[in-house]
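So the structure is just underneath, and the comments pick up after that.
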Amino acid sequence: MQRSSKFLIAIILTLGIAGAATAVGKHRFGSSEKRATHMVNYISDELNLDATQQQALSVFKDQLLSSRTIAKSDMAELHEDVNSLFTAEVFDRAQALDLINARTARIDSLAPDLIGSLADFMDSLDSEQKAQVAEFIARHKHRHSKHRNH
């Protein structure tokens with residue numbers, strides 16, 4: 001498979017997964033803000049977070065929502081650009097690669113603040129809480145890998 005085809009498939013899959021996740025989240029919680037608040041409350045309860053830890057988690061949640069909003073802000077334009085690639089007489093590989101590079105650059109620009117706020121939260125946890133997080137990830141890793149293999 002050619003490199004441009006792989007990139008295009010990656011874009012299409014990303015858009016599809018993001019759309020499905022948004023639809024499910026909106027159906028269950030009404031908005032991503034409500035889902036994020038629910039998750040903060042759930043994590044706070046499960047890990048018995050103190051006020052400082054809850055604040056660090058809240059900052060991470062806010063950073064995540066902000067990054068999501070920024071990343072989604074140009075989705076309509078991206079959909080139009082991808083559609084024009086599909087409907088063109090000749091598939092423009094350079095334009096497809098430019099779209100992917102622009103999207104990657106946007107994500108790269110958001111990553112440092114997002115990772116920083118996650119690191120601040122994780123650094124605020126004690127060893128027992130970190131062990132609980134690791135156990136949670138290990139339990140759920142298997143569930144997600146089953147879905148990918150089918």
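Following the order of the structure tokens, chains are lettered A, B, ..., residues in each are numbered from 1, and ligands are numbered from 1.
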
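By chain and then residue number, the residues within 12 Å of Leu118 of chain A are Gln53, Gln55, Ala56, Leu57, Ser58, Val59, Phe60, Lys61, Asp62, Gln63, Leu64, Ala111, Pro112, Asp113, Leu114, Met122, Asp123, Ser124 and Leu125 of chain A, counting only C-alpha atoms and disregarding those fewer than 4 positions away in sequence.
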
Q: Can you check which residues of segment 60-96 of chain A DSSP gives as alpha helix (DSSP H) on the backbone and send them as a PyMOL selection string?
A: chain A and resi 60-72+75-87+93-96

Q | Separation of atom CA of Ala131 of chain A from atom CA of Asp45 of chain A, in Å and rounded to one decimal | A | 15.4 Å

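For the atom pair formed by atom CA of Asn48 of chain A and atom CA of Lys34 of chain A, the distance is 20.6 Å, given to one decimal.
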
Q. With only C-alpha atoms as the atoms that count, which of A:Asp50, A:Gly30, A:His140, A:Ser67 lies nearest to Ile107 of chain A?
A. A:Ser67

Q.
Between A:Phe121, A:Arg93, A:Ala138, A:Leu99, which residue has the minimum interatomic distance to Glu80 of chain A, considering only C-alpha atoms?
A. A:Leu99

Q | One-decimal distance in Å that lies between atom CA of His38 of chain A and atom CA of Ala76 of chain A | A | 28.2 Å

Q) Within 10 Å of Leu85 of chain A, counting only C-alpha atoms, which residues qualify if same-chain residues fewer than 6 places away don't, as a list in words? A) Leu8, His79, Phe91, Asp92, Arg93, Gln95 and Ala96 of chain A

Q: Please provide the set of residues having any atom within 10 Å of Leu78 of chain A, restricted to only C-alpha atoms, with same-chain residues fewer than 4 positions apart removed, written as an NGL selection string.
A: :A and (11 or 15 or 72-74 or 82-84 or 99-100 or 103)

Preceding selection exported with N, CA and C atoms as a CSV table (one decimal), in the first residue's frame:
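Written out: part-v6.csv:
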chain,number,residue,atom,x,y,z
A,11,ILE,N,-6.4,9.2,8.3
A,11,ILE,CA,-7.3,10.4,8.5
A,11,ILE,C,-8.7,10.0,8.6
A,15,LEU,N,-11.1,10.4,11.9
A,15,LEU,CA,-12.4,11.2,11.8
A,15,LEU,C,-13.6,10.3,12.2
A,72,LYS,N,-10.5,20.3,17.2
A,72,LYS,CA,-11.8,20.2,16.5
A,72,LYS,C,-12.2,21.4,15.7
A,73,SER,N,-11.5,22.6,16.0
A,73,SER,CA,-12.0,23.8,15.5
A,73,SER,C,-12.0,23.9,13.9
A,74,ASP,N,-11.1,23.2,13.3
A,74,ASP,CA,-11.0,23.2,11.8
A,74,ASP,C,-11.5,21.9,11.2
A,82,VAL,N,-10.6,16.9,2.5
A,82,VAL,CA,-10.5,15.5,2.3
A,82,VAL,C,-11.5,15.1,1.2
A,83,ASN,N,-12.7,15.7,1.2
A,83,ASN,CA,-13.7,15.4,0.2
A,83,ASN,C,-13.3,15.8,-1.2
A,84,SER,N,-12.6,17.0,-1.2
A,84,SER,CA,-12.1,17.4,-2.5
A,84,SER,C,-11.0,16.5,-3.1
A,99,LEU,N,-2.1,18.0,4.3
A,99,LEU,CA,-3.2,18.0,5.3
A,99,LEU,C,-2.7,17.2,6.6
A,100,ILE,N,-2.1,16.1,6.4
A,100,ILE,CA,-1.7,15.3,7.5
A,100,ILE,C,-0.6,16.0,8.3
A,103,ARG,N,-2.2,18.8,10.3
A,103,ARG,CA,-2.9,18.2,11.5
A,103,ARG,C,-1.9,17.8,12.6

Q.
Using only C-alpha atoms, can you tell me which of A:Leu110, A:Leu47, A:Val40, A:Glu33 comes closest to Asp126 of chain A?
A. A:Leu47
